[in-house]
Every structure is written in C-alpha cells, then in structure tokens.
file query14.pdb (PDB, C-alpha atoms)
ATOM      1  CA  MET O   1     150.880  60.386 118.626  1.00  0.00           C
ATOM      2  CA  VAL O   2     147.163  60.138 119.426  1.00  0.00           C
ATOM      3  CA  SER O   3     146.236  57.596 122.090  1.00  0.00           C
ATOM      4  CA  LYS O   4     143.001  55.639 121.923  1.00  0.00           C
ATOM      5  CA  ASN O   5     141.746  57.449 125.017  1.00  0.00           C
ATOM      6  CA  LEU O   6     142.400  60.852 123.439  1.00  0.00           C
ATOM      7  CA  GLN O   7     140.733  59.790 120.217  1.00  0.00           C
ATOM      8  CA  LYS O   8     137.709  58.608 122.221  1.00  0.00           C
ATOM      9  CA  LEU O   9     137.582  61.902 124.157  1.00  0.00           C
ATOM     10  CA  ILE O  10     137.713  64.070 121.039  1.00  0.00           C
ATOM     11  CA  HIS O  11     135.063  62.028 119.230  1.00  0.00           C
ATOM     12  CA  SER O  12     132.787  62.176 122.288  1.00  0.00           C
ATOM     13  CA  LEU O  13     132.733  65.983 122.053  1.00  0.00           C
ATOM     14  CA  VAL O  14     130.430  65.801 119.053  1.00  0.00           C
ATOM     15  CA  HIS O  15     127.707  65.311 121.709  1.00  0.00           C
ATOM     16  CA  LYS O  16     126.548  68.184 123.919  1.00  0.00           C
ATOM     17  CA  LYS O  17     126.394  65.896 126.966  1.00  0.00           C
ATOM     18  CA  TYR O  18     130.126  65.222 126.807  1.00  0.00           C
ATOM     19  CA  ARG O  19     131.013  68.822 125.970  1.00  0.00           C
ATOM     20  CA  LEU O  20     129.300  69.856 129.209  1.00  0.00           C
ATOM     21  CA  GLN O  21     130.768  66.953 131.148  1.00  0.00           C
ATOM     22  CA  ASN O  22     134.317  67.753 130.033  1.00  0.00           C
ATOM     23  CA  ASN O  23     133.802  71.523 129.785  1.00  0.00           C
ATOM     24  CA  MET O  24     135.399  71.554 126.317  1.00  0.00           C
ATOM     25  CA  PHE O  25     134.554  72.040 122.665  1.00  0.00           C
ATOM     26  CA  VAL O  26     136.462  71.275 119.465  1.00  0.00           C
ATOM     27  CA  ALA O  27     137.811  73.817 117.000  1.00  0.00           C
ATOM     28  CA  GLU O  28     139.776  72.957 113.861  1.00  0.00           C
ATOM     29  CA  GLY O  29     141.954  74.644 111.290  1.00  0.00           C
ATOM     30  CA  PRO O  30     144.457  77.538 111.519  1.00  0.00           C
ATOM     31  CA  LYS O  31     141.783  80.237 111.052  1.00  0.00           C
ATOM     32  CA  VAL O  32     139.280  79.088 113.690  1.00  0.00           C
ATOM     33  CA  VAL O  33     141.892  77.992 116.229  1.00  0.00           C
ATOM     34  CA  GLY O  34     143.952  81.132 115.653  1.00  0.00           C
ATOM     35  CA  ASP O  35     140.987  83.449 116.203  1.00  0.00           C
ATOM     36  CA  LEU O  36     139.974  81.640 119.387  1.00  0.00           C
ATOM     37  CA  MET O  37     143.527  81.758 120.755  1.00  0.00           C
ATOM     38  CA  LYS O  38     143.393  85.564 120.618  1.00  0.00           C
ATOM     39  CA  ARG O  39     140.752  85.417 123.371  1.00  0.00           C
ATOM     40  CA  MET O  40     141.607  82.293 125.354  1.00  0.00           C
ATOM     41  CA  GLN O  41     144.111  79.490 125.701  1.00  0.00           C
ATOM     42  CA  PRO O  42     143.108  75.988 124.585  1.00  0.00           C
ATOM     43  CA  LYS O  43     143.288  73.113 127.026  1.00  0.00           C
ATOM     44  CA  MET O  44     144.902  70.939 124.370  1.00  0.00           C
ATOM     45  CA  ILE O  45     146.360  71.299 120.902  1.00  0.00           C
ATOM     46  CA  VAL O  46     146.671  68.386 118.487  1.00  0.00           C
ATOM     47  CA  ALA O  47     148.726  69.624 115.558  1.00  0.00           C
ATOM     48  CA  THR O  48     151.432  68.969 113.030  1.00  0.00           C
ATOM     49  CA  ASN O  49     155.001  69.837 113.932  1.00  0.00           C
ATOM     50  CA  GLU O  50     154.983  72.610 111.300  1.00  0.00           C
ATOM     51  CA  TRP O  51     151.937  74.356 112.807  1.00  0.00           C
ATOM     52  CA  ILE O  52     153.288  74.108 116.349  1.00  0.00           C
ATOM     53  CA  ILE O  53     156.654  75.610 115.340  1.00  0.00           C
ATOM     54  CA  ASP O  54     154.945  78.464 113.472  1.00  0.00           C
ATOM     55  CA  ASN O  55     152.644  79.244 116.418  1.00  0.00           C
ATOM     56  CA  SER O  56     154.779  78.352 119.437  1.00  0.00           C
ATOM     57  CA  GLN O  57     154.790  81.961 120.694  1.00  0.00           C
ATOM     58  CA  TYR O  58     150.993  81.821 121.163  1.00  0.00           C
ATOM     59  CA  ILE O  59     150.906  78.509 123.044  1.00  0.00           C
ATOM     60  CA  SER O  60     150.899  78.676 126.835  1.00  0.00           C
ATOM     61  CA  ASP O  61     153.009  76.296 128.919  1.00  0.00           C
ATOM     62  CA  SER O  62     149.768  75.113 130.539  1.00  0.00           C
ATOM     63  CA  THR O  63     148.382  73.874 127.213  1.00  0.00           C
ATOM     64  CA  GLN O  64     148.909  70.194 126.533  1.00  0.00           C
ATOM     65  CA  THR O  65     150.425  69.777 123.067  1.00  0.00           C
ATOM     66  CA  VAL O  66     150.198  66.593 121.000  1.00  0.00           C
ATOM     67  CA  TYR O  67     152.354  66.329 117.880  1.00  0.00           C
ATOM     68  CA  VAL O  68     150.758  64.384 115.000  1.00  0.00           C
ATOM     69  CA  ASN O  69     151.277  63.717 111.321  1.00  0.00           C
ATOM     70  CA  ALA O  70     148.557  64.205 108.703  1.00  0.00           C
ATOM     71  CA  ASP O  71     147.247  60.635 109.007  1.00  0.00           C
ATOM     72  CA  GLU O  72     146.986  60.827 112.800  1.00  0.00           C
ATOM     73  CA  LEU O  73     145.190  64.156 112.601  1.00  0.00           C
ATOM     74  CA  ARG O  74     142.717  62.620 110.174  1.00  0.00           C
ATOM     75  CA  GLN O  75     141.861  59.958 112.776  1.00  0.00           C
ATOM     76  CA  VAL O  76     140.536  62.518 115.258  1.00  0.00           C
ATOM     77  CA  SER O  77     139.286  65.266 112.924  1.00  0.00           C
ATOM     78  CA  PHE O  78     135.620  65.968 112.185  1.00  0.00           C
ATOM     79  CA  LEU O  79     136.569  67.531 108.854  1.00  0.00           C
ATOM     80  CA  GLN O  80     136.719  65.800 105.498  1.00  0.00           C
ATOM     81  CA  HIS O  81     140.022  67.552 104.867  1.00  0.00           C
ATOM     82  CA  PRO O  82     141.812  68.255 108.203  1.00  0.00           C
ATOM     83  CA  GLN O  83     143.932  71.404 108.336  1.00  0.00           C
ATOM     84  CA  GLN O  84     147.079  71.120 110.474  1.00  0.00           C
ATOM     85  CA  VAL O  85     145.508  71.718 113.881  1.00  0.00           C
ATOM     86  CA  LEU O  86     142.666  70.648 116.170  1.00  0.00           C
ATOM     87  CA  ALA O  87     142.261  72.248 119.594  1.00  0.00           C
ATOM     88  CA  LEU O  88     140.097  71.719 122.664  1.00  0.00           C
ATOM     89  CA  PHE O  89     138.904  74.965 124.256  1.00  0.00           C
ATOM     90  CA  PRO O  90     137.034  75.563 127.533  1.00  0.00           C
ATOM     91  CA  LEU O  91     133.332  76.258 127.075  1.00  0.00           C
ATOM     92  CA  GLN O  92     133.467  79.511 129.047  1.00  0.00           C
ATOM     93  CA  ILE O  93     134.394  82.030 126.376  1.00  0.00           C
ATOM     94  CA  PRO O  94     134.876  85.470 128.000  1.00  0.00           C
ATOM     95  CA  ALA O  95     131.589  87.380 127.777  1.00  0.00           C
ATOM     96  CA  THR O  96     131.133  90.759 126.102  1.00  0.00           C
ATOM     97  CA  GLU O  97     129.141  93.365 128.033  1.00  0.00           C
ATOM     98  CA  TYR O  98     126.346  95.253 126.305  1.00  0.00           C
ATOM     99  CA  ASP O  99     124.069  98.244 126.882  1.00  0.00           C
ATOM    100  CA  LEU O 100     120.655  97.862 125.257  1.00  0.00           C
ATOM    101  CA  GLN O 101     120.208 101.627 125.281  1.00  0.00           C
ATOM    102  CA  LYS O 102     123.102 101.798 122.814  1.00  0.00           C
ATOM    103  CA  ASP O 103     123.714  98.356 121.284  1.00  0.00           C
ATOM    104  CA  LEU O 104     121.951  96.003 118.903  1.00  0.00           C
ATOM    105  CA  LEU O 105     121.565  92.376 119.964  1.00  0.00           C
ATOM    106  CA  LEU O 106     120.375  89.396 117.976  1.00  0.00           C
ATOM    107  CA  ALA O 107     117.943  86.817 119.418  1.00  0.00           C
ATOM    108  CA  LEU O 108     117.413  83.373 117.865  1.00  0.00           C
ATOM    109  CA  ASP O 109     114.151  81.583 118.565  1.00  0.00           C
ATOM    110  CA  GLY O 110     114.533  77.889 117.762  1.00  0.00           C
ATOM    111  CA  VAL O 111     117.090  77.991 114.926  1.00  0.00           C
ATOM    112  CA  GLN O 112     117.801  74.276 114.460  1.00  0.00           C
ATOM    113  CA  ASP O 113     120.255  73.792 111.621  1.00  0.00           C
ATOM    114  CA  PRO O 114     123.935  73.916 112.709  1.00  0.00           C
ATOM    115  CA  GLY O 115     124.975  75.396 109.364  1.00  0.00           C
ATOM    116  CA  ASN O 116     122.416  78.178 109.693  1.00  0.00           C
ATOM    117  CA  LEU O 117     123.482  78.942 113.257  1.00  0.00           C
ATOM    118  CA  GLY O 118     127.172  79.041 112.347  1.00  0.00           C
ATOM    119  CA  THR O 119     126.469  81.306 109.385  1.00  0.00           C
ATOM    120  CA  ILE O 120     124.320  83.616 111.522  1.00  0.00           C
ATOM    121  CA  ILE O 121     127.126  83.953 114.081  1.00  0.00           C
ATOM    122  CA  ARG O 122     129.504  84.841 111.240  1.00  0.00           C
ATOM    123  CA  ILE O 123     126.997  87.373 109.846  1.00  0.00           C
ATOM    124  CA  ALA O 124     126.546  88.932 113.295  1.00  0.00           C
ATOM    125  CA  ASP O 125     130.308  89.320 113.582  1.00  0.00           C
ATOM    126  CA  TRP O 126     130.443  91.041 110.170  1.00  0.00           C
ATOM    127  CA  PHE O 127     127.782  93.556 111.170  1.00  0.00           C
ATOM    128  CA  GLY O 128     129.291  94.266 114.584  1.00  0.00           C
ATOM    129  CA  ILE O 129     126.733  92.362 116.663  1.00  0.00           C
ATOM    130  CA  LYS O 130     128.696  91.107 119.657  1.00  0.00           C
ATOM    131  CA  ASN O 131     125.925  89.297 121.566  1.00  0.00           C
ATOM    132  CA  ILE O 132     123.345  86.699 120.544  1.00  0.00           C
ATOM    133  CA  LEU O 133     120.575  85.451 122.838  1.00  0.00           C
ATOM    134  CA  CYS O 134     119.391  81.912 122.029  1.00  0.00           C
ATOM    135  CA  SER O 135     116.309  80.018 123.120  1.00  0.00           C
ATOM    136  CA  GLN O 136     116.983  76.702 124.801  1.00  0.00           C
ATOM    137  CA  ASN O 137     115.774  74.834 121.692  1.00  0.00           C
ATOM    138  CA  THR O 138     118.235  76.604 119.395  1.00  0.00           C
ATOM    139  CA  ALA O 139     121.090  74.393 118.132  1.00  0.00           C
ATOM    140  CA  ASP O 140     124.198  74.243 120.327  1.00  0.00           C
ATOM    141  CA  ALA O 141     126.692  76.890 119.218  1.00  0.00           C
ATOM    142  CA  PHE O 142     129.627  74.762 120.387  1.00  0.00           C
ATOM    143  CA  SER O 143     128.963  71.673 118.292  1.00  0.00           C
ATOM    144  CA  PRO O 144     131.806  71.000 115.817  1.00  0.00           C
ATOM    145  CA  LYS O 145     129.614  71.802 112.790  1.00  0.00           C
ATOM    146  CA  VAL O 146     128.540  75.183 114.172  1.00  0.00           C
ATOM    147  CA  VAL O 147     132.040  76.149 115.324  1.00  0.00           C
ATOM    148  CA  GLN O 148     133.466  75.415 111.865  1.00  0.00           C
ATOM    149  CA  ALA O 149     130.636  77.245 110.084  1.00  0.00           C
ATOM    150  CA  THR O 150     131.424  80.419 112.055  1.00  0.00           C
ATOM    151  CA  MET O 151     134.898  80.560 110.446  1.00  0.00           C
ATOM    152  CA  GLY O 152     136.355  81.953 113.666  1.00  0.00           C
ATOM    153  CA  SER O 153     133.526  84.350 114.521  1.00  0.00           C
ATOM    154  CA  ILE O 154     132.613  82.189 117.541  1.00  0.00           C
ATOM    155  CA  ALA O 155     135.634  83.864 119.168  1.00  0.00           C
ATOM    156  CA  ARG O 156     134.146  87.354 118.817  1.00  0.00           C
ATOM    157  CA  VAL O 157     130.397  86.846 119.381  1.00  0.00           C
ATOM    158  CA  ASN O 158     129.068  85.984 122.820  1.00  0.00           C
ATOM    159  CA  ILE O 159     126.325  83.322 122.793  1.00  0.00           C
ATOM    160  CA  THR O 160     123.880  83.140 125.726  1.00  0.00           C
ATOM    161  CA  TYR O 161     121.175  80.482 126.113  1.00  0.00           C
ATOM    162  CA  CYS O 162     118.148  81.504 128.140  1.00  0.00           C
ATOM    163  CA  ASN O 163     114.386  81.329 128.510  1.00  0.00           C
ATOM    164  CA  LEU O 164     113.986  83.654 125.557  1.00  0.00           C
ATOM    165  CA  GLU O 165     110.352  84.581 126.115  1.00  0.00           C
ATOM    166  CA  THR O 166     110.963  85.590 129.745  1.00  0.00           C
ATOM    167  CA  THR O 167     114.185  87.449 128.934  1.00  0.00           C
ATOM    168  CA  LEU O 168     112.637  89.407 126.061  1.00  0.00           C
ATOM    169  CA  SER O 169     109.520  90.174 128.107  1.00  0.00           C
ATOM    170  CA  ASN O 170     111.695  91.725 130.813  1.00  0.00           C
ATOM    171  CA  PHE O 171     113.514  93.840 128.213  1.00  0.00           C
ATOM    172  CA  ALA O 172     110.204  94.975 126.702  1.00  0.00           C
ATOM    173  CA  LYS O 173     109.087  96.191 130.145  1.00  0.00           C
ATOM    174  CA  GLN O 174     112.202  98.375 130.196  1.00  0.00           C
ATOM    175  CA  GLY O 175     111.155  99.983 126.914  1.00  0.00           C
ATOM    176  CA  ILE O 176     113.743  98.163 124.784  1.00  0.00           C
ATOM    177  CA  PRO O 177     112.517  97.868 121.164  1.00  0.00           C
ATOM    178  CA  LEU O 178     112.024  94.264 120.038  1.00  0.00           C
ATOM    179  CA  TYR O 179     112.127  93.752 116.270  1.00  0.00           C
ATOM    180  CA  GLY O 180     110.881  90.545 114.657  1.00  0.00           C
ATOM    181  CA  THR O 181     110.614  89.405 111.037  1.00  0.00           C
ATOM    182  CA  LEU O 182     107.030  88.264 110.402  1.00  0.00           C
ATOM    183  CA  LEU O 183     104.802  87.726 107.379  1.00  0.00           C
ATOM    184  CA  ASP O 184     102.333  90.316 108.737  1.00  0.00           C
ATOM    185  CA  GLY O 185     105.075  92.850 109.438  1.00  0.00           C
ATOM    186  CA  ASN O 186     105.717  96.254 107.902  1.00  0.00           C
ATOM    187  CA  ASN O 187     108.062  96.593 104.930  1.00  0.00           C
ATOM    188  CA  ILE O 188     111.542  96.843 106.468  1.00  0.00           C
ATOM    189  CA  TYR O 189     112.631  99.312 103.761  1.00  0.00           C
ATOM    190  CA  HIS O 190     109.921 101.786 104.812  1.00  0.00           C
ATOM    191  CA  GLU O 191     110.507 101.633 108.584  1.00  0.00           C
ATOM    192  CA  GLN O 192     112.502 103.879 110.887  1.00  0.00           C
ATOM    193  CA  LEU O 193     114.957 101.490 112.535  1.00  0.00           C
ATOM    194  CA  ALA O 194     116.689 102.300 115.813  1.00  0.00           C
ATOM    195  CA  ASP O 195     120.416 101.857 116.393  1.00  0.00           C
ATOM    196  CA  HIS O 196     119.724  99.806 119.537  1.00  0.00           C
ATOM    197  CA  GLY O 197     117.391  97.036 120.646  1.00  0.00           C
ATOM    198  CA  ILE O 198     116.939  93.342 119.897  1.00  0.00           C
ATOM    199  CA  ILE O 199     116.366  91.752 116.488  1.00  0.00           C
ATOM    200  CA  ILE O 200     114.590  88.385 116.680  1.00  0.00           C
ATOM    201  CA  MET O 201     114.887  85.653 114.062  1.00  0.00           C
ATOM    202  CA  GLY O 202     112.797  82.481 114.175  1.00  0.00           C
ATOM    203  CA  ASN O 203     112.828  78.787 113.410  1.00  0.00           C
ATOM    204  CA  GLU O 204     113.500  77.594 109.846  1.00  0.00           C
ATOM    205  CA  GLY O 205     110.065  76.033 109.401  1.00  0.00           C
ATOM    206  CA  ASN O 206     107.777  77.728 111.914  1.00  0.00           C
ATOM    207  CA  GLY O 207     109.249  81.183 112.289  1.00  0.00           C
ATOM    208  CA  ILE O 208     109.056  83.003 115.622  1.00  0.00           C
ATOM    209  CA  SER O 209     107.147  81.137 118.349  1.00  0.00           C
ATOM    210  CA  GLU O 210     103.763  82.458 119.446  1.00  0.00           C
ATOM    211  CA  GLY O 211     104.908  83.498 122.928  1.00  0.00           C
ATOM    212  CA  VAL O 212     107.805  85.539 121.582  1.00  0.00           C
ATOM    213  CA  ARG O 213     105.694  86.896 118.708  1.00  0.00           C
ATOM    214  CA  ASN O 214     103.234  88.361 121.210  1.00  0.00           C
ATOM    215  CA  ILE O 215     105.861  90.564 122.870  1.00  0.00           C
ATOM    216  CA  ILE O 216     107.484  91.915 119.693  1.00  0.00           C
ATOM    217  CA  THR O 217     107.092  95.690 119.572  1.00  0.00           C
ATOM    218  CA  HIS O 218     108.076  96.227 115.911  1.00  0.00           C
ATOM    219  CA  LYS O 219     107.007  93.736 113.248  1.00  0.00           C
ATOM    220  CA  LEU O 220     109.125  93.733 110.094  1.00  0.00           C
ATOM    221  CA  LEU O 221     108.722  92.114 106.683  1.00  0.00           C
ATOM    222  CA  ILE O 222     111.372  91.504 104.039  1.00  0.00           C
ATOM    223  CA  PRO O 223     109.230  91.897 100.905  1.00  0.00           C
ATOM    224  CA  SER O 224     109.431  89.753  97.793  1.00  0.00           C
ATOM    225  CA  PHE O 225     110.068  91.663  94.583  1.00  0.00           C
ATOM    226  CA  THR O 226     108.475  89.182  92.201  1.00  0.00           C
ATOM    227  CA  LYS O 227     105.467  90.579  90.330  1.00  0.00           C
ATOM    228  CA  ASN O 228     103.153  87.616  91.005  1.00  0.00           C
ATOM    229  CA  ASP O 229     102.470  85.037  93.694  1.00  0.00           C
ATOM    230  CA  ASP O 230     104.672  82.403  92.054  1.00  0.00           C
ATOM    231  CA  HIS O 231     107.822  82.838  94.163  1.00  0.00           C
ATOM    232  CA  ALA O 232     109.799  81.185  96.942  1.00  0.00           C
ATOM    233  CA  GLU O 233     107.719  80.571 100.041  1.00  0.00           C
ATOM    234  CA  SER O 234     110.313  82.006 102.407  1.00  0.00           C
ATOM    235  CA  LEU O 235     113.937  83.052 102.846  1.00  0.00           C
ATOM    236  CA  ASN O 236     116.606  80.961 104.531  1.00  0.00           C
ATOM    237  CA  VAL O 237     116.933  82.288 108.094  1.00  0.00           C
ATOM    238  CA  ALA O 238     120.633  83.086 107.713  1.00  0.00           C
ATOM    239  CA  ILE O 239     119.973  85.051 104.506  1.00  0.00           C
ATOM    240  CA  ALA O 240     117.072  86.854 106.190  1.00  0.00           C
ATOM    241  CA  THR O 241     119.355  87.727 109.103  1.00  0.00           C
ATOM    242  CA  ALA O 242     121.953  89.203 106.750  1.00  0.00           C
ATOM    243  CA  ILE O 243     119.351  91.323 104.948  1.00  0.00           C
ATOM    244  CA  THR O 244     117.838  92.533 108.216  1.00  0.00           C
ATOM    245  CA  LEU O 245     121.159  93.435 109.848  1.00  0.00           C
ATOM    246  CA  SER O 246     122.318  95.159 106.674  1.00  0.00           C
ATOM    247  CA  GLU O 247     119.220  97.362 106.684  1.00  0.00           C
ATOM    248  CA  PHE O 248     119.655  98.241 110.360  1.00  0.00           C
ATOM    249  CA  ARG O 249     123.277  99.186 109.811  1.00  0.00           C
ATOM    250  CA  ARG O 250     122.466 101.149 106.645  1.00  0.00           C
TER     251      ARG O 250
END
call {"tool": "encode", "arguments": {"input": "query14.pdb", "output": "structure tokens"}}
result
Amino acid sequence: MVSKNLQKLIHSLVHKKYRLQNNMFVAEGPKVVGDLMKRMQPKMIVATNEWIIDNSQYISDSTQTVYVNADELRQVSFLQHPQQVLALFPLQIPATEYDLQKDLLLALDGVQDPGNLGTIIRIADWFGIKNILCSQNTADAFSPKVVQATMGSIARVNITYCNLETTLSNFAKQGIPLYGTLLDGNNIYHEQLADHGIIIMGNEGNGISEGVRNIITHKLLIPSFTKNDDHAESLNVAIATAITLSEFRR
C-alpha cells in the first residue's frame, strides 16, 4: 500500500530541487529498473507482487519494498500506462573511467528537450559511448522523462555536468580533437575522423554556443542531399547525433 507521504515524495521527484534534496531519481518499468539494478541497488521498490516474486533474487535486504496492485501503482507513476514496477535510485551512478587518447566522448551544449536528451543517451549507448559531458544548461538527465526515454541506457552511460567551455578548452590544450557539427563545417563524409576525442552537439534552436564554437578544432557538416534549397532547415539534434556517431564508428 502506498502512503500519502510516499506518494508525495515520489511526485516531488519530478523536480530537480527535490531529486537533489533527497538524492534520488525515479525509474519505471521492468526494462529500465532491471538495467539499473545491474549497476546499483535502489533505495526503494514499489511493485506488484508478481514482479517482486520474479525478481526477489536481485533485491537487497537494504532496499525498502512496497507491494502494490495496479491501481496503487497508477497513483504514483509518471507513465500513462504503468508497468509493474517503480524504483527510487540514488543519484550517484558509478562513474565510468575514460582515456581521451583512446576513447570517444560526447558533449552536449544546451540540449533542452528531455526526449532528445534521453534519445541521445540511448544512441550513445548503442554506439559504445560510455561518457557524456553536459553543459549546465542542458536538461537534467535524471528527470523522469529523460530516464524513461533512455530505455535503460542511463545505467550504462555516465553523465557529467560541468562548465563545458572551460572543460573543453582544457582538453584542447592537451591536443584532444574537438569535433562539432556546424553549418560552416566540412562534409563529414569526406573527413578523416579519429577514433578518439570529443564530439560536440548543440542546442535544438541555436546550435553550439559561441564560446564552445571558438574552441572546436574540427568543424563538421552533415550535408543535405536535396537538389535545391527547398529542404528542411535543420536536423533534430538526436538524429544528427546518430548520424555523426555512425560515421565515426564506420
């Protein structure tokens, strides 16, 4: 049974302020919760009796477990169609180390839409990108909408928020290649792309910010293949990320 206090707590976690205050974020559904439990134990599980029985071997004794029926789960869920389980995880997901002389990282400069961010995290996971650097004005990766959009990839991709311009500038001084998608860039299909470095993707409306743009060492363009100027103005940032990562990996 879900108490009013628990319902209030879970609903408060839609806001970043309360996620930080309580050091918890919400994940829902067997896929997302299951993937996260491979890396860390939840602080609390709110689930149907069937799910708890099927997954009892993965639940630590230290995890508070609340048994609910479908109607009770619906009361606390952020989903239109709740799926057996909701869990509260600690915000500190174990970090993944990286070596920029060997690894590719992704950097997001002001990506605002939660759906885009969640999809980008999922795309990064698909292409083996284990670390994403985010500017402070990028959407919060641990909001319920973003977590669900990752379809479990939030468990395998480390997200770090930082002063992106300063961080990238320091990497550039170390000779790390910084790739950015820009309208004045070189055709990505004609460029020699390294197997390490940082790939930067920008805001949905404004692209990469001026400060970050000025320290990019390799400007890339995803060309349009229409034969005239009557075409889409730009690509969705998640789609552009998928195309860019695919070309790097190819």
call {"tool": "resolve_selection", "arguments": {"input": "query14.pdb", "expression": "the PyMOL selection byres ((chain O and resi 14) around 10)", "output": "mmCIF file with C-alpha atoms, in the frame of the given file"}}
result
data_model
loop_
_atom_site.group_PDB
_atom_site.id
_atom_site.type_symbol
_atom_site.label_atom_id
_atom_site.label_comp_id
_atom_site.auth_asym_id
_atom_site.auth_seq_id
_atom_site.Cartn_x
_atom_site.Cartn_y
_atom_site.Cartn_z
ATOM 1 C CA LEU O 9 137.582 61.902 124.157
ATOM 2 C CA ILE O 10 137.713 64.070 121.039
ATOM 3 C CA HIS O 11 135.063 62.028 119.230
ATOM 4 C CA SER O 12 132.787 62.176 122.288
ATOM 5 C CA LEU O 13 132.733 65.983 122.053
ATOM 6 C CA HIS O 15 127.707 65.311 121.709
ATOM 7 C CA LYS O 16 126.548 68.184 123.919
ATOM 8 C CA LYS O 17 126.394 65.896 126.966
ATOM 9 C CA TYR O 18 130.126 65.222 126.807
ATOM 10 C CA ARG O 19 131.013 68.822 125.970
ATOM 11 C CA PHE O 25 134.554 72.040 122.665
ATOM 12 C CA VAL O 26 136.462 71.275 119.465
ATOM 13 C CA PHE O 78 135.620 65.968 112.185
ATOM 14 C CA PHE O 142 129.627 74.762 120.387
ATOM 15 C CA SER O 143 128.963 71.673 118.292
ATOM 16 C CA PRO O 144 131.806 71.000 115.817
ATOM 17 C CA LYS O 145 129.614 71.802 112.790
#
call {"tool": "closest_residue", "arguments": {"input": "query14.pdb", "among": "O:Ser169, O:Asn186, O:Asn236, O:Asn228", "to": "Arg213 of chain O", "atoms": "only C-alpha atoms"}}
result
O:Ser169
call {"tool": "atom_distance", "arguments": {"input": "query14.pdb", "atom1": "atom CA of Asp99 of chain O", "atom2": "atom CA of Ile121 of chain O"}}
result
19.4 Å
call {"tool": "resolve_selection", "arguments": {"input": "query14.pdb", "expression": "the PyMOL selection byres ((chain O and resi 34-41) around 9)", "output": "PyMOL selection string"}}
result
chain O and resi 27+29-33+42-44+55+58-60+62-63+89-90+93-94+151-156
call {"tool": "write_last_selection", "arguments": {"input": "query14.pdb", "atoms": "C-alpha atoms", "output": "short mmCIF file (atom, residue, chain, number, x, y, z; two decimals), in the frame of the given file"}}
result
data_model
loop_
_atom_site.label_atom_id
_atom_site.label_comp_id
_atom_site.auth_asym_id
_atom_site.auth_seq_id
_atom_site.Cartn_x
_atom_site.Cartn_y
_atom_site.Cartn_z
CA ALA O 27 137.81 73.82 117.00
CA GLY O 29 141.95 74.64 111.29
CA PRO O 30 144.46 77.54 111.52
CA LYS O 31 141.78 80.24 111.05
CA VAL O 32 139.28 79.09 113.69
CA VAL O 33 141.89 77.99 116.23
CA PRO O 42 143.11 75.99 124.58
CA LYS O 43 143.29 73.11 127.03
CA MET O 44 144.90 70.94 124.37
CA ASN O 55 152.64 79.24 116.42
CA TYR O 58 150.99 81.82 121.16
CA ILE O 59 150.91 78.51 123.04
CA SER O 60 150.90 78.68 126.84
CA SER O 62 149.77 75.11 130.54
CA THR O 63 148.38 73.87 127.21
CA PHE O 89 138.90 74.96 124.26
CA PRO O 90 137.03 75.56 127.53
CA ILE O 93 134.39 82.03 126.38
CA PRO O 94 134.88 85.47 128.00
CA MET O 151 134.90 80.56 110.45
CA GLY O 152 136.35 81.95 113.67
CA SER O 153 133.53 84.35 114.52
CA ILE O 154 132.61 82.19 117.54
CA ALA O 155 135.63 83.86 119.17
CA ARG O 156 134.15 87.35 118.82
#
call {"tool": "atom_distance", "arguments": {"input": "query14.pdb", "atom1": "atom CA of Ile199 of chain O", "atom2": "atom CA of Asp229 of chain O"}}
result
27.5 Å
call {"tool": "atom_distance", "arguments": {"input": "query14.pdb", "atom1": "atom CA of Leu193 of chain O", "atom2": "atom CA of Gln112 of chain O"}}
result
27.4 Å
call {"tool": "closest_residue", "arguments": {"input": "query14.pdb", "among": "O:Ile129, O:Ala87, O:Leu100, O:Val46", "to": "Ala172 of chain O", "atoms": "all atoms listed in the file"}}
result
O:Leu100
call {"tool": "closest_residue", "arguments": {"input": "query14.pdb", "among": "O:Ile176, O:Ile52, O:Leu104, O:Val85", "to": "Phe127 of chain O", "atoms": "all atoms listed in the file"}}
result
O:Leu104
call {"tool": "closest_residue", "arguments": {"input": "query14.pdb", "among": "O:Cys162, O:Ala149, O:Leu183, O:Val212", "to": "Gly118 of chain O", "atoms": "all atoms listed in the file"}}
result
O:Ala149
call {"tool": "axis_aligned_box", "arguments": {"input": "query14.pdb", "around": "segment 58-68 of chain O", "padding_each_side": "6 Å", "output": "AutoDock Vina command-line options"}}
result
--center_x 150.7 --center_y 73.1 --center_z 122.8 --size_x 16.6 --size_y 29.4 --size_z 27.5
call {"tool": "residues_around", "arguments": {"input": "query14.pdb", "residues": "Ile200 of chain O", "least_positions_apart": "2", "cutoff": "9 Å", "atoms": "all atoms listed in the file", "output": "ChimeraX atom specification"}}
result
/O:105-109,178-181,198,202,208,212,216,241
call {"tool": "decode", "arguments": {"input": "query14.pdb", "residues": "segment 214-237 of chain O", "atoms": "C-alpha atoms", "output": "compact mmCIF listing (two decimals), in the first residue's frame"}}
result
# COMPACT_ATOMS: atom_id res chain seq x y z
CA ASN O 214 35.50 29.05 -30.91
CA ILE O 215 37.49 26.16 -29.42
CA ILE O 216 36.31 23.43 -31.80
CA THR O 217 39.28 22.04 -33.71
CA HIS O 218 37.34 20.12 -36.40
CA LYS O 219 34.15 21.56 -37.88
CA LEU O 220 31.80 19.02 -39.44
CA LEU O 221 28.69 19.32 -41.59
CA ILE O 222 26.02 16.71 -42.26
CA PRO O 223 25.08 17.67 -45.83
CA SER O 224 21.58 17.76 -47.26
CA PHE O 225 21.06 15.62 -50.34
CA THR O 226 18.17 17.58 -51.83
CA LYS O 227 18.96 19.12 -55.22
CA ASN O 228 17.64 22.61 -54.41
CA ASP O 229 17.35 24.97 -51.46
CA ASP O 230 13.79 23.89 -50.65
CA HIS O 231 14.53 21.45 -47.80
CA ALA O 232 14.33 21.12 -44.03
CA GLU O 233 16.16 23.90 -42.23
CA SER O 234 17.96 21.55 -39.86
CA LEU O 235 18.10 18.05 -38.40
CA ASN O 236 16.75 17.07 -35.00
CA VAL O 237 19.74 17.00 -32.62
